[in-house]
$ cat target.cif   # mmCIF, C-alpha atoms and all ligand atoms
data_model
loop_
_atom_site.label_atom_id
_atom_site.label_comp_id
_atom_site.auth_asym_id
_atom_site.auth_seq_id
_atom_site.Cartn_x
_atom_site.Cartn_y
_atom_site.Cartn_z
CA MET A 605 165.37 29.10 -95.65
CA THR A 606 167.34 31.94 -97.21
CA ASP A 607 170.83 32.11 -98.68
CA PRO A 608 170.02 31.11 -102.25
CA LYS A 609 172.72 29.09 -104.04
CA SER A 610 172.95 27.35 -107.34
CA HIS A 611 171.38 23.89 -107.31
CA SER A 612 174.45 22.58 -109.05
CA GLU A 613 176.46 23.13 -105.86
CA ASN A 614 174.60 20.31 -104.20
CA PRO A 615 175.71 16.79 -105.04
CA GLU A 616 172.18 15.59 -104.19
CA ALA A 617 170.74 17.62 -107.04
CA ARG A 618 170.64 15.76 -110.34
CA ASN A 619 170.09 17.38 -113.69
CA PHE A 620 166.75 19.22 -113.49
CA ARG A 621 165.97 17.96 -116.97
CA GLY A 622 166.40 14.29 -116.15
CA GLU A 623 168.82 12.17 -118.11
CA GLY A 624 167.38 12.27 -121.61
CA GLY A 625 169.03 15.45 -122.90
CA GLY A 626 167.14 17.77 -125.23
CA PRO A 627 166.59 20.94 -123.17
CA GLY A 628 163.13 22.38 -123.31
CA ARG A 629 161.67 19.82 -125.69
CA VAL A 630 158.08 18.62 -125.30
CA TYR A 631 156.44 15.85 -127.34
CA ILE A 632 152.69 15.56 -127.93
CA VAL A 633 150.47 12.93 -129.53
CA LYS A 634 146.71 13.04 -129.97
CA CYS A 635 144.95 10.32 -128.01
CA GLU A 636 141.17 10.53 -128.00
CA ASP A 637 140.45 7.64 -125.67
CA TYR A 638 142.05 5.45 -123.07
CA ASP A 639 141.72 2.33 -125.20
CA GLN A 640 144.31 3.84 -127.59
CA VAL A 641 146.82 4.71 -124.88
CA GLU A 642 149.35 1.91 -125.28
CA LYS A 643 149.77 2.46 -129.02
CA LYS A 644 149.89 6.24 -128.66
CA LEU A 645 152.37 6.06 -125.80
CA ARG A 646 154.62 3.83 -127.90
CA ASP A 647 154.41 6.42 -130.72
CA LEU A 648 155.25 9.20 -128.26
CA LEU A 649 158.28 7.40 -126.85
CA GLU A 650 159.44 6.53 -130.35
CA MET A 651 159.39 10.28 -131.18
CA MET A 652 161.65 10.79 -128.15
CA GLY A 653 164.17 8.20 -129.29
CA GLY A 654 162.72 5.18 -127.50
CA ILE A 655 162.20 4.12 -123.91
CA GLY A 656 165.81 2.90 -123.85
CA ARG A 657 166.91 6.53 -123.45
CA PHE A 658 165.31 6.63 -120.01
CA VAL A 659 165.29 3.05 -118.71
CA LYS A 660 168.28 0.68 -118.75
CA PRO A 661 168.38 -3.10 -118.34
CA GLY A 662 168.53 -4.15 -114.70
CA GLN A 663 167.46 -0.79 -113.29
CA ARG A 664 164.79 -0.54 -110.62
CA ILE A 665 162.30 2.05 -111.85
CA ILE A 666 159.33 3.52 -109.99
CA LEU A 667 156.16 4.79 -111.66
CA LYS A 668 154.77 7.76 -109.76
CA PRO A 669 151.18 8.54 -110.81
CA ASN A 670 148.95 11.26 -109.35
CA LEU A 671 146.91 9.42 -106.69
CA LEU A 672 145.62 12.46 -104.81
CA LEU A 673 142.81 10.54 -103.18
CA ALA A 674 140.79 7.36 -103.52
CA ALA A 675 138.64 8.26 -106.53
CA ARG A 676 137.42 6.15 -109.43
CA PRO A 677 139.32 6.73 -112.71
CA GLU A 678 136.29 8.27 -114.47
CA LYS A 679 136.32 11.18 -112.00
CA ALA A 680 139.60 12.35 -113.63
CA VAL A 681 141.14 13.14 -110.24
CA THR A 682 143.96 10.63 -110.65
CA THR A 683 146.21 9.36 -113.45
CA HIS A 684 144.18 6.88 -115.49
CA PRO A 685 145.15 3.21 -114.95
CA ALA A 686 145.42 2.71 -118.73
CA VAL A 687 148.33 5.19 -118.79
CA VAL A 688 149.99 3.48 -115.83
CA ALA A 689 149.56 0.00 -117.30
CA ALA A 690 150.85 1.05 -120.73
CA MET A 691 153.91 2.77 -119.26
CA GLY A 692 154.56 -0.23 -117.03
CA LYS A 693 154.37 -2.70 -119.93
CA ILE A 694 156.71 -0.66 -122.10
CA ALA A 695 159.25 -0.14 -119.30
CA ARG A 696 159.15 -3.84 -118.42
CA GLU A 697 160.37 -4.67 -121.91
CA ILE A 698 163.69 -3.16 -120.77
CA THR A 699 163.81 -4.13 -117.10
CA PRO A 700 161.55 -6.39 -115.03
CA LYS A 701 161.97 -4.28 -111.90
CA ILE A 702 159.14 -1.76 -112.19
CA GLY A 703 157.36 -0.61 -109.03
CA LEU A 704 154.61 1.92 -108.33
CA ILE A 705 154.18 4.32 -105.44
CA ASP A 706 152.52 7.62 -104.59
CA SER A 707 151.90 9.21 -101.25
CA PRO A 708 148.30 10.44 -101.55
CA GLY A 709 147.14 13.90 -100.42
CA SER A 710 147.66 15.49 -97.03
CA GLY A 711 144.37 14.19 -95.59
CA TYR A 712 145.68 10.62 -95.77
CA ALA A 713 148.13 8.95 -93.42
CA TYR A 714 150.97 7.27 -95.28
CA ASN A 715 150.27 3.66 -94.32
CA ARG A 716 149.31 0.35 -95.85
CA LYS A 717 145.59 0.79 -95.21
CA ALA A 718 145.46 4.14 -97.04
CA LEU A 719 147.62 2.87 -99.89
CA GLU A 720 145.47 -0.28 -100.32
CA LYS A 721 142.29 1.79 -100.49
CA THR A 722 143.82 4.27 -102.93
CA TYR A 723 145.33 1.62 -105.22
CA ARG A 724 142.05 -0.33 -105.26
CA THR A 725 139.74 2.62 -105.93
CA CYS A 726 141.98 4.32 -108.49
CA GLY A 727 142.34 1.15 -110.58
CA MET A 728 146.03 0.71 -109.79
CA GLN A 729 145.58 -2.92 -108.69
CA GLU A 730 144.23 -3.83 -112.16
CA ALA A 731 146.96 -1.79 -113.86
CA ALA A 732 149.60 -3.59 -111.79
CA ASP A 733 148.11 -7.01 -112.59
CA GLU A 734 147.97 -6.20 -116.30
CA ALA A 735 151.52 -4.86 -116.57
CA GLY A 736 153.26 -6.99 -113.91
CA LEU A 737 154.04 -4.01 -111.64
CA GLU A 738 154.93 -4.25 -107.99
CA LEU A 739 152.71 -1.99 -105.88
CA SER A 740 154.79 -0.57 -103.04
CA TYR A 741 153.49 -0.54 -99.46
CA ASP A 742 156.74 0.74 -98.00
CA GLU A 743 155.68 3.32 -95.39
CA SER A 744 159.17 4.57 -94.62
CA PHE A 745 160.70 7.89 -95.58
CA GLU A 746 164.05 9.62 -95.28
CA THR A 747 165.01 13.11 -94.24
CA VAL A 748 167.24 14.53 -96.94
CA SER A 749 169.40 17.59 -96.45
CA PHE A 750 169.38 19.98 -99.42
CA PRO A 751 171.64 22.97 -98.63
CA ALA A 752 171.38 24.24 -102.22
CA GLY A 753 167.63 24.70 -101.93
CA THR A 754 166.65 28.31 -102.53
CA LEU A 755 163.83 28.18 -99.99
CA VAL A 756 163.79 24.71 -98.44
CA LYS A 757 167.00 23.12 -97.17
CA GLN A 758 165.61 19.76 -96.06
CA PHE A 759 162.87 17.46 -97.32
CA SER A 760 161.20 14.28 -96.15
CA ILE A 761 161.06 11.91 -99.14
CA ILE A 762 159.42 8.50 -99.36
CA THR A 763 162.03 5.73 -99.36
CA PRO A 764 161.09 3.93 -102.62
CA ILE A 765 161.99 7.10 -104.53
CA ARG A 766 165.32 7.38 -102.70
CA THR A 767 166.34 3.78 -103.32
CA CYS A 768 165.30 3.30 -106.96
CA ASP A 769 167.41 4.03 -110.04
CA GLY A 770 164.96 6.63 -111.20
CA TYR A 771 161.26 7.35 -111.42
CA ILE A 772 158.80 8.14 -114.17
CA ASN A 773 156.42 10.97 -113.31
CA LEU A 774 152.90 10.10 -114.55
CA CYS A 775 151.04 13.34 -113.91
CA LYS A 776 147.52 14.47 -114.79
CA MET A 777 146.44 17.73 -116.42
CA LYS A 778 144.15 19.47 -113.91
CA THR A 779 143.31 22.82 -112.42
CA HIS A 780 144.26 23.57 -108.82
CA GLY A 781 142.86 26.05 -106.29
CA LEU A 782 146.24 27.12 -104.93
CA THR A 783 148.67 26.76 -107.84
CA PHE A 784 145.97 27.19 -110.55
CA MET A 785 147.25 24.11 -112.39
CA THR A 786 148.74 20.79 -111.41
CA GLY A 787 151.05 19.03 -113.83
CA ALA A 788 154.59 17.75 -113.90
CA THR A 789 156.05 19.79 -111.03
CA LYS A 790 153.08 19.80 -108.67
CA ASN A 791 152.77 16.02 -108.99
CA ILE A 792 156.07 15.47 -107.24
CA PHE A 793 154.61 16.88 -104.01
CA GLY A 794 153.54 13.23 -103.66
CA LEU A 795 157.17 12.35 -102.87
CA ILE A 796 156.50 13.89 -99.43
CA PRO A 797 155.03 11.30 -97.06
CA GLY A 798 151.33 11.58 -96.12
CA ARG A 799 150.48 14.19 -93.51
CA ALA A 800 153.99 15.66 -93.54
CA LYS A 801 152.53 17.64 -96.48
CA VAL A 802 150.39 19.54 -93.98
CA GLY A 803 153.54 21.09 -92.51
CA TYR A 804 154.69 22.31 -95.92
CA HIS A 805 151.29 23.89 -96.55
CA GLY A 806 151.39 25.49 -93.10
CA THR A 807 154.82 27.03 -93.73
CA MET A 808 154.56 27.88 -97.44
CA THR A 809 151.36 29.86 -97.03
CA THR A 810 151.27 31.73 -100.34
CA ARG A 811 151.17 30.54 -103.94
CA GLU A 812 154.62 32.00 -104.50
CA LEU A 813 156.21 30.27 -101.50
CA PHE A 814 154.53 26.98 -102.36
CA ALA A 815 155.80 27.21 -105.94
CA ALA A 816 159.31 28.00 -104.67
CA MET A 817 159.22 24.91 -102.46
CA LEU A 818 158.10 22.75 -105.42
CA LEU A 819 161.00 23.97 -107.56
CA ASP A 820 163.45 23.08 -104.78
CA LEU A 821 161.90 19.64 -104.50
CA MET A 822 162.14 19.16 -108.27
CA ALA A 823 165.81 20.17 -108.21
CA LEU A 824 166.47 17.62 -105.48
CA ALA A 825 164.53 14.73 -107.03
CA PRO A 826 163.85 15.19 -110.76
CA PRO A 827 162.17 12.35 -112.67
CA LYS A 828 163.87 10.56 -115.56
CA LEU A 829 160.82 11.18 -117.70
CA THR A 830 157.40 12.81 -117.33
CA ILE A 831 154.27 11.63 -119.12
CA MET A 832 151.15 13.76 -118.70
CA ASP A 833 147.74 12.12 -118.91
CA ALA A 834 145.77 14.80 -120.76
CA VAL A 835 143.40 12.38 -122.48
CA ILE A 836 140.71 13.48 -120.05
CA GLY A 837 141.86 16.23 -117.69
CA MET A 838 140.00 18.32 -115.14
CA GLU A 839 138.77 21.89 -115.48
CA GLY A 840 137.06 24.20 -112.99
CA GLU A 841 137.41 23.43 -109.29
CA GLY A 842 140.35 21.03 -109.46
CA PRO A 843 142.28 19.15 -108.32
CA SER A 844 139.38 16.99 -107.04
CA GLY A 845 136.09 18.88 -107.37
CA GLY A 846 136.22 20.00 -111.00
CA ARG A 847 134.67 18.59 -114.15
CA PRO A 848 136.36 15.99 -116.35
CA ARG A 849 137.28 17.61 -119.65
CA ARG A 850 138.29 15.70 -122.77
CA ILE A 851 141.56 17.16 -124.05
CA GLY A 852 142.70 14.19 -126.14
CA LEU A 853 146.47 14.44 -125.65
CA LEU A 854 149.39 12.54 -124.19
CA ILE A 855 152.36 14.80 -123.48
CA ALA A 856 155.93 13.83 -122.63
CA SER A 857 159.23 15.46 -121.77
CA ASP A 858 162.38 14.84 -119.81
CA ASP A 859 162.09 18.48 -118.75
CA PRO A 860 159.20 18.92 -116.28
CA LEU A 861 159.35 22.70 -116.40
CA ALA A 862 159.06 22.73 -120.21
CA LEU A 863 156.13 20.35 -119.96
CA ASP A 864 154.38 22.65 -117.45
CA ILE A 865 154.93 25.66 -119.72
CA VAL A 866 153.20 23.80 -122.54
CA ALA A 867 150.39 22.50 -120.28
CA SER A 868 149.80 26.02 -118.94
CA GLU A 869 149.45 27.27 -122.51
CA ILE A 870 147.00 24.48 -123.40
CA MET A 871 144.82 25.34 -120.38
CA GLY A 872 144.89 29.07 -121.12
CA LEU A 873 146.71 29.95 -117.89
CA PRO A 874 148.94 32.92 -118.73
CA GLN A 875 152.54 32.38 -117.79
CA GLU A 876 152.67 35.61 -115.78
CA ARG A 877 149.78 34.33 -113.61
CA ASN A 878 151.26 30.85 -113.13
CA PRO A 879 153.07 30.97 -109.77
CA LEU A 880 155.38 28.12 -110.69
CA LEU A 881 156.52 29.70 -113.93
CA THR A 882 156.95 33.17 -112.45
CA GLU A 883 159.10 31.70 -109.68
CA ALA A 884 161.13 29.74 -112.26
CA LYS A 885 161.66 32.95 -114.21
CA LYS A 886 162.81 34.77 -111.06
CA ARG A 887 165.42 32.03 -110.60
CA ASN A 888 166.56 32.32 -114.22
CA LEU A 889 165.71 28.69 -114.82
CA HIS A 890 165.62 27.64 -118.44
CA PRO A 891 163.23 27.32 -120.25
CA SER A 892 161.49 30.40 -118.94
CA GLY A 893 158.69 30.63 -121.50
CA LEU A 894 156.99 28.99 -124.44
CA GLU A 895 159.44 30.71 -126.78
CA ASP A 896 162.23 28.61 -125.20
CA VAL A 897 160.44 25.29 -125.73
CA ASP A 898 160.51 23.08 -128.82
CA VAL A 899 157.08 21.50 -129.17
CA ILE A 900 157.02 18.40 -131.33
CA GLY A 901 153.71 16.99 -132.56
CA VAL A 902 151.37 20.01 -132.41
CA PRO A 903 152.11 23.54 -133.72
CA LYS A 904 152.53 25.99 -130.83
CA GLU A 905 149.77 28.24 -132.14
CA GLN A 906 147.31 25.32 -131.95
CA LEU A 907 148.11 24.33 -128.37
CA ARG A 908 145.47 26.39 -126.54
CA ILE A 909 142.05 24.78 -126.22
CA GLU A 910 138.92 26.89 -126.24
CA GLY A 911 136.94 27.65 -123.13
CA PHE A 912 139.02 25.70 -120.61
CA LYS A 913 137.65 26.71 -117.23
CA LEU A 914 140.21 27.77 -114.64
CA PRO A 915 139.43 27.52 -110.89
CA SER A 916 137.41 30.13 -108.96
CA SER A 917 140.55 31.22 -107.14
CA PHE A 918 141.95 32.46 -110.45
CA ALA A 919 140.88 35.94 -111.52
CA LYS A 920 141.96 38.39 -114.14
CA GLU A 921 143.52 41.40 -112.50
CA ARG A 922 141.15 44.07 -113.76
CA PHE A 923 142.31 46.66 -111.31
CA HIS A 924 145.18 47.31 -108.95
CA LEU A 925 144.67 47.97 -105.27
CA SER A 926 146.32 51.14 -104.13
CA ALA A 927 148.67 50.68 -101.19
CA LEU A 928 146.33 52.80 -99.06
CA PHE A 929 143.21 50.69 -99.63
CA ALA A 930 144.82 47.31 -100.18
CA PRO A 931 144.35 45.91 -96.65
CA VAL A 932 140.64 46.80 -96.60
CA ALA A 933 139.92 45.88 -100.20
CA LYS A 934 141.77 42.57 -99.86
CA SER A 935 139.28 41.35 -97.28
CA PHE A 936 136.47 41.87 -99.83
CA PHE A 937 138.43 40.29 -102.65
CA THR A 938 138.54 36.73 -101.36
CA VAL A 939 137.78 33.15 -102.28
CA ASP A 940 136.91 31.27 -99.09
CA PRO A 941 136.35 27.55 -98.57
CA ARG A 942 132.82 26.77 -97.37
CA ILE A 943 131.27 23.48 -96.31
CA ILE A 944 128.19 22.29 -98.20
CA LYS A 945 126.54 20.63 -95.24
CA THR A 946 124.15 18.52 -97.28
CA LYS A 947 127.10 16.82 -99.00
CA CYS A 948 129.40 16.47 -95.98
CA THR A 949 129.74 12.93 -94.60
CA ALA A 950 131.88 14.01 -91.62
CA CYS A 951 134.75 11.80 -92.86
CA GLY A 952 137.36 14.16 -91.39
CA ALA A 953 139.78 14.22 -94.36
CA CYS A 954 139.58 18.04 -94.57
CA ARG A 955 140.30 18.41 -90.85
CA ASP A 956 143.34 16.13 -91.12
CA ALA A 957 144.65 18.08 -94.13
CA CYS A 958 144.22 21.55 -92.60
CA PRO A 959 147.59 23.10 -91.68
CA ARG A 960 145.97 25.64 -89.30
CA ASP A 961 143.60 23.40 -87.31
CA ALA A 962 140.83 25.58 -88.67
CA ILE A 963 138.37 22.70 -89.14
CA THR A 964 136.33 20.80 -86.58
CA VAL A 965 134.06 17.90 -87.46
CA ASP A 966 130.96 16.97 -85.53
CA GLU A 967 127.85 16.14 -87.53
CA THR A 968 129.45 18.02 -90.39
CA ALA A 969 132.70 19.90 -90.83
CA GLU A 970 132.94 23.56 -89.69
CA ILE A 971 135.62 26.07 -90.74
CA ASP A 972 136.92 28.77 -88.41
CA LYS A 973 137.42 31.59 -90.92
CA LYS A 974 139.73 33.49 -88.57
CA LYS A 975 142.28 30.69 -88.64
CA CYS A 976 142.01 29.92 -92.37
CA ILE A 977 144.96 30.83 -94.62
CA ARG A 978 143.16 29.83 -97.87
CA CYS A 979 145.51 27.03 -98.84
CA TYR A 980 142.46 25.07 -100.14
CA CYS A 981 143.76 21.70 -98.90
CA CYS A 982 140.27 21.00 -97.50
CA HIS A 983 138.79 21.54 -100.96
CA GLU A 984 141.50 19.38 -102.50
CA MET A 985 141.02 16.47 -100.11
CA CYS A 986 137.22 16.26 -99.98
CA ALA A 987 136.14 13.22 -101.97
CA TYR A 988 132.48 14.28 -101.70
CA ASN A 989 132.77 17.76 -103.30
CA ALA A 990 131.47 19.15 -100.01
CA VAL A 991 133.94 22.05 -99.85
CA GLU A 992 133.14 24.81 -102.30
CA LEU A 993 135.32 27.82 -103.04
CA HIS A 994 133.08 30.78 -102.40
CA ARG A 995 133.88 34.03 -104.24
CA SER A 996 132.93 37.21 -102.43
CA LEU A 997 130.35 39.48 -104.10
CA PHE A 998 133.00 42.14 -104.68
CA TYR A 999 135.27 39.54 -106.27
CA ARG A 1000 132.51 38.39 -108.62
CA ILE A 1001 131.62 41.94 -109.63
CA MET A 1002 135.22 42.85 -110.34
CA ASN A 1003 135.79 39.73 -112.36
CA LYS A 1004 132.35 39.55 -113.98
CA THR A 1005 131.93 35.90 -112.99
S1 LIG B 1 133.81 18.49 -95.92
FE1 LIG B 1 132.90 16.73 -94.89
S2 LIG B 1 132.95 15.11 -96.46
FE2 LIG B 1 134.40 16.70 -97.13
S3 LIG B 1 136.38 16.06 -96.28
FE3 LIG B 1 135.43 17.44 -94.78
S4 LIG B 1 134.39 16.09 -93.34
FE4 LIG B 1 134.82 14.87 -95.21
S1 LIG B 2 140.22 25.67 -93.69
FE1 LIG B 2 141.58 27.15 -94.65
S2 LIG B 2 143.60 26.69 -93.82
FE2 LIG B 2 142.32 24.92 -93.42
S3 LIG B 2 142.66 23.54 -95.18
FE3 LIG B 2 140.86 24.81 -95.68
S4 LIG B 2 141.70 26.53 -96.81
FE4 LIG B 2 143.45 25.58 -95.74
#
$ encode --input "target.cif" --output "structure tokens" --more "lines below"
Ligand code: SF4
Ligand code: SF4
Amino acid sequence: MTDPKSHSENPEARNFRGEGGGPGRVYIVKCEDYDQVEKKLRDLLEMMGGIGRFVKPGQRIILKPNLLLAARPEKAVTTHPAVVAAMGKIAREITPKIGLIDSPGSGYAYNRKALEKTYRTCGMQEAADEAGLELSYDESFETVSFPAGTLVKQFSIITPIRTCDGYINLCKMKTHGLTFMTGATKNIFGLIPGRAKVGYHGTMTTRELFAAMLLDLMALAPPKLTIMDAVIGMEGEGPSGGRPRRIGLLIASDDPLALDIVASEIMGLPQERNPLLTEAKKRNLHPSGLEDVDVIGVPKEQLRIEGFKLPSSFAKERFHLSALFAPVAKSFFTVDPRIIKTKCTACGACRDACPRDAITVDETAEIDKKKCIRCYCCHEMCAYNAVELHRSLFYRIMNKT
């Protein structure tokens, strides 16, 4: 897990920017509602030079939406089925072999039952019927060696992604308790099968380590194209417990990092507080900031939207802890997961997602604070909004929230 090397030394690693060329270029169209998606997506792809740049006749292509958990589309937890159906229809005009897969969040086993429930609830069955997509129930995965990884040298990857000719990343614009935002790069954590994700959370215990792991995974398995569903995103306590927020955009790039730089700007998440972008900068990845990205469709100075609410775990650094007091002060300056017992249905998804076995479930879930590493997977996986992120009094005073 050390010995950093260039990704280009590894034959497994494809071009980080996919196969469409155009480094650091991000395309945006306004799209106020999901009933306009197909037309707007066609416009967006036309701006990029057409779908034929990314999909070739006869290729087997996988669509990889964000299906974090089984939630109805109007909750804005998952990629909207209208985006999936539109992308599927357009891609099928080039090749008939278009499949769909995602491995949902770490609280779900990676098996047919979980996939059926997720596809059904998230509207993927209807999207597949409309666009003629093949929903994948393949539960297998492969262990892939990645010696060029800066932090992680081996990944488990779901087989449909390994055996296709390329995948299209259909991510959602949302906030996230751990990484502050989830977009193009975070969405590919769904290439890791089911509960194997728990192990990654248990090992990569800080934002920085988790971001480093995601960049390695992206270098190993970059998408051909990323489309972000930012028609209605999520603000506040994302990725599952926040509020839907109308943003009115569809965003595309063959460079996932460039897309995340733009999405971070739209959400008002400063680059220097975005763990993914700070890690990318440390690695000298390009683009390293908004100044390195060509944005086509919306002027850069008009990207940011007013009043977008970031998660509780995000705070402006209004003061710096001295080395002497840091250990003591840190314990006051926390955001802890807490169970709202009146909402808890004892389903057990949080317990299954917890990398530290810190959760027991009897009549309701209970968290052992001493074991908790604040990865927020329990918060992420609770479909009932029964895990809140509780800010300490000191934290609230210091951040005036
Ligand atoms: S808090 Fe309760 S409802 Fe939420 S995931 Fe845990 S057990 Fe299920
Ligand atoms: S209890 Fe703590 S360690 Fe366990 S999933 Fe929740 S935040 Fe992570």
$ residues_near_ligand --input "target.cif" --ligand "ligand LIG 2 (chain B)" --cutoff "12 Å" --atoms "all atoms listed in the file" --output "ChimeraX atom specification"
/A:709-711,781-782,801-810,917,938-943,952-965,969-986,990-994
$ residues_around --input "target.cif" --residues "Asp639 (chain A)" --least-positions-apart "3" --cutoff "12 Å" --atoms "only C-alpha atoms" --output "mmCIF file with C-alpha atoms, keeping the file's coordinate frame"
data_model
loop_
_atom_site.group_PDB
_atom_site.id
_atom_site.type_symbol
_atom_site.label_atom_id
_atom_site.label_comp_id
_atom_site.auth_asym_id
_atom_site.auth_seq_id
_atom_site.Cartn_x
_atom_site.Cartn_y
_atom_site.Cartn_z
ATOM 1 C CA CYS A 635 144.950 10.320 -128.010
ATOM 2 C CA GLU A 636 141.170 10.530 -128.000
ATOM 3 C CA GLU A 642 149.350 1.910 -125.280
ATOM 4 C CA LYS A 643 149.770 2.460 -129.020
ATOM 5 C CA LYS A 644 149.890 6.240 -128.660
ATOM 6 C CA LEU A 645 152.370 6.060 -125.800
ATOM 7 C CA HIS A 684 144.180 6.880 -115.490
ATOM 8 C CA PRO A 685 145.150 3.210 -114.950
ATOM 9 C CA ALA A 686 145.420 2.710 -118.730
ATOM 10 C CA VAL A 687 148.330 5.190 -118.790
ATOM 11 C CA ALA A 689 149.560 0.000 -117.300
ATOM 12 C CA ALA A 690 150.850 1.050 -120.730
ATOM 13 C CA VAL A 835 143.400 12.380 -122.480
ATOM 14 C CA GLY A 852 142.700 14.190 -126.140
#
$ closest_residue --input "target.cif" --among "A:Gly794, A:Thr882, A:Arg799, A:Leu873" --to "Ala816 (chain A)" --atoms "only C-alpha atoms"
A:Thr882
$ atom_distance --input "target.cif" --atom1 "CA of Asp833 (chain A)" --atom2 "CA of Glu743 (chain A)"
26.3 Å
$ residues_around --input "target.cif" --residues "Ser707 (chain A)" --least-positions-apart "5" --cutoff "8 Å" --atoms "all atoms listed in the file" --output "PDB file with C-alpha atoms, keeping the file's coordinate frame"
ATOM      1  CA  LEU A 671     146.910   9.420-106.690  1.00  0.00           C
ATOM      2  CA  LEU A 672     145.620  12.460-104.810  1.00  0.00           C
ATOM      3  CA  TYR A 714     150.970   7.270 -95.280  1.00  0.00           C
ATOM      4  CA  LEU A 719     147.620   2.870 -99.890  1.00  0.00           C
ATOM      5  CA  ILE A 762     159.420   8.500 -99.360  1.00  0.00           C
ATOM      6  CA  GLY A 794     153.540  13.230-103.660  1.00  0.00           C
ATOM      7  CA  LEU A 795     157.170  12.350-102.870  1.00  0.00           C
ATOM      8  CA  ILE A 796     156.500  13.890 -99.430  1.00  0.00           C
ATOM      9  CA  PRO A 797     155.030  11.300 -97.060  1.00  0.00           C
ATOM     10  CA  GLY A 798     151.330  11.580 -96.120  1.00  0.00           C
TER      11      GLY A 798
END
$ closest_residue --input "target.cif" --among "A:Met871, A:Ile761, A:Ala695, A:Leu673" --to "ligand LIG 1 (chain B)" --atoms "only C-alpha atoms and all ligand atoms"
A:Leu673
$ atom_distance --input "target.cif" --atom1 "CA of Tyr771 (chain A)" --atom2 "CA of Ile665 (chain A)"
5.4 Å
$ closest_residue --input "target.cif" --among "A:Lys947, A:Arg908, A:Lys679, A:Lys668" --to "Cys775 (chain A)" --atoms "only C-alpha atoms"
A:Lys668
$ residues_around --input "target.cif" --residues "Pro700 (chain A)" --least-positions-apart "4" --cutoff "10 Å" --atoms "all atoms listed in the file" --output "ChimeraX atom specification"
/A:661-665,692-693,695-696,736-738
$ residues_around --input "target.cif" --residues "Pro874 (chain A)" --least-positions-apart "4" --cutoff "12 Å" --atoms "only C-alpha atoms" --output "number ranges by chain"
A: 784-785, 864-870, 878-882, 893-894, 908, 914, 918-921
$ build_atoms --input "target.cif" --residues "region 855-867 of chain A" --atoms "N, CA and C atoms" --output "PDB file, in the frame of the given file"
ATOM      1  N   ILE A 855     151.254  13.853-123.363  1.00  0.00           N
ATOM      2  CA  ILE A 855     152.360  14.800-123.480  1.00  0.00           C
ATOM      3  C   ILE A 855     153.562  14.240-122.721  1.00  0.00           C
ATOM      4  N   ALA A 856     154.750  14.401-123.286  1.00  0.00           N
ATOM      5  CA  ALA A 856     155.930  13.830-122.630  1.00  0.00           C
ATOM      6  C   ALA A 856     157.114  14.778-122.726  1.00  0.00           C
ATOM      7  N   SER A 857     157.965  14.715-121.726  1.00  0.00           N
ATOM      8  CA  SER A 857     159.230  15.460-121.770  1.00  0.00           C
ATOM      9  C   SER A 857     160.163  14.914-120.696  1.00  0.00           C
ATOM     10  N   ASP A 858     161.449  15.114-120.914  1.00  0.00           N
ATOM     11  CA  ASP A 858     162.380  14.840-119.810  1.00  0.00           C
ATOM     12  C   ASP A 858     162.657  16.136-119.058  1.00  0.00           C
ATOM     13  N   ASP A 859     161.935  17.185-119.396  1.00  0.00           N
ATOM     14  CA  ASP A 859     162.090  18.480-118.750  1.00  0.00           C
ATOM     15  C   ASP A 859     160.734  18.894-118.153  1.00  0.00           C
ATOM     16  N   PRO A 860     160.531  18.661-116.863  1.00  0.00           N
ATOM     17  CA  PRO A 860     159.200  18.920-116.280  1.00  0.00           C
ATOM     18  C   PRO A 860     158.766  20.373-116.385  1.00  0.00           C
ATOM     19  N   LEU A 861     159.712  21.282-116.317  1.00  0.00           N
ATOM     20  CA  LEU A 861     159.350  22.700-116.400  1.00  0.00           C
ATOM     21  C   LEU A 861     158.831  23.033-117.807  1.00  0.00           C
ATOM     22  N   ALA A 862     159.511  22.515-118.821  1.00  0.00           N
ATOM     23  CA  ALA A 862     159.060  22.730-120.210  1.00  0.00           C
ATOM     24  C   ALA A 862     157.670  22.149-120.402  1.00  0.00           C
ATOM     25  N   LEU A 863     157.441  20.977-119.821  1.00  0.00           N
ATOM     26  CA  LEU A 863     156.130  20.350-119.960  1.00  0.00           C
ATOM     27  C   LEU A 863     155.054  21.230-119.305  1.00  0.00           C
ATOM     28  N   ASP A 864     155.362  21.790-118.130  1.00  0.00           N
ATOM     29  CA  ASP A 864     154.380  22.650-117.450  1.00  0.00           C
ATOM     30  C   ASP A 864     154.130  23.947-118.216  1.00  0.00           C
ATOM     31  N   ILE A 865     155.133  24.454-118.891  1.00  0.00           N
ATOM     32  CA  ILE A 865     154.930  25.660-119.720  1.00  0.00           C
ATOM     33  C   ILE A 865     153.925  25.350-120.828  1.00  0.00           C
ATOM     34  N   VAL A 866     154.096  24.193-121.460  1.00  0.00           N
ATOM     35  CA  VAL A 866     153.200  23.800-122.540  1.00  0.00           C
ATOM     36  C   VAL A 866     151.787  23.515-121.995  1.00  0.00           C
ATOM     37  N   ALA A 867     151.707  22.819-120.862  1.00  0.00           N
ATOM     38  CA  ALA A 867     150.390  22.500-120.280  1.00  0.00           C
ATOM     39  C   ALA A 867     149.656  23.774-119.877  1.00  0.00           C
TER      40      ALA A 867
END
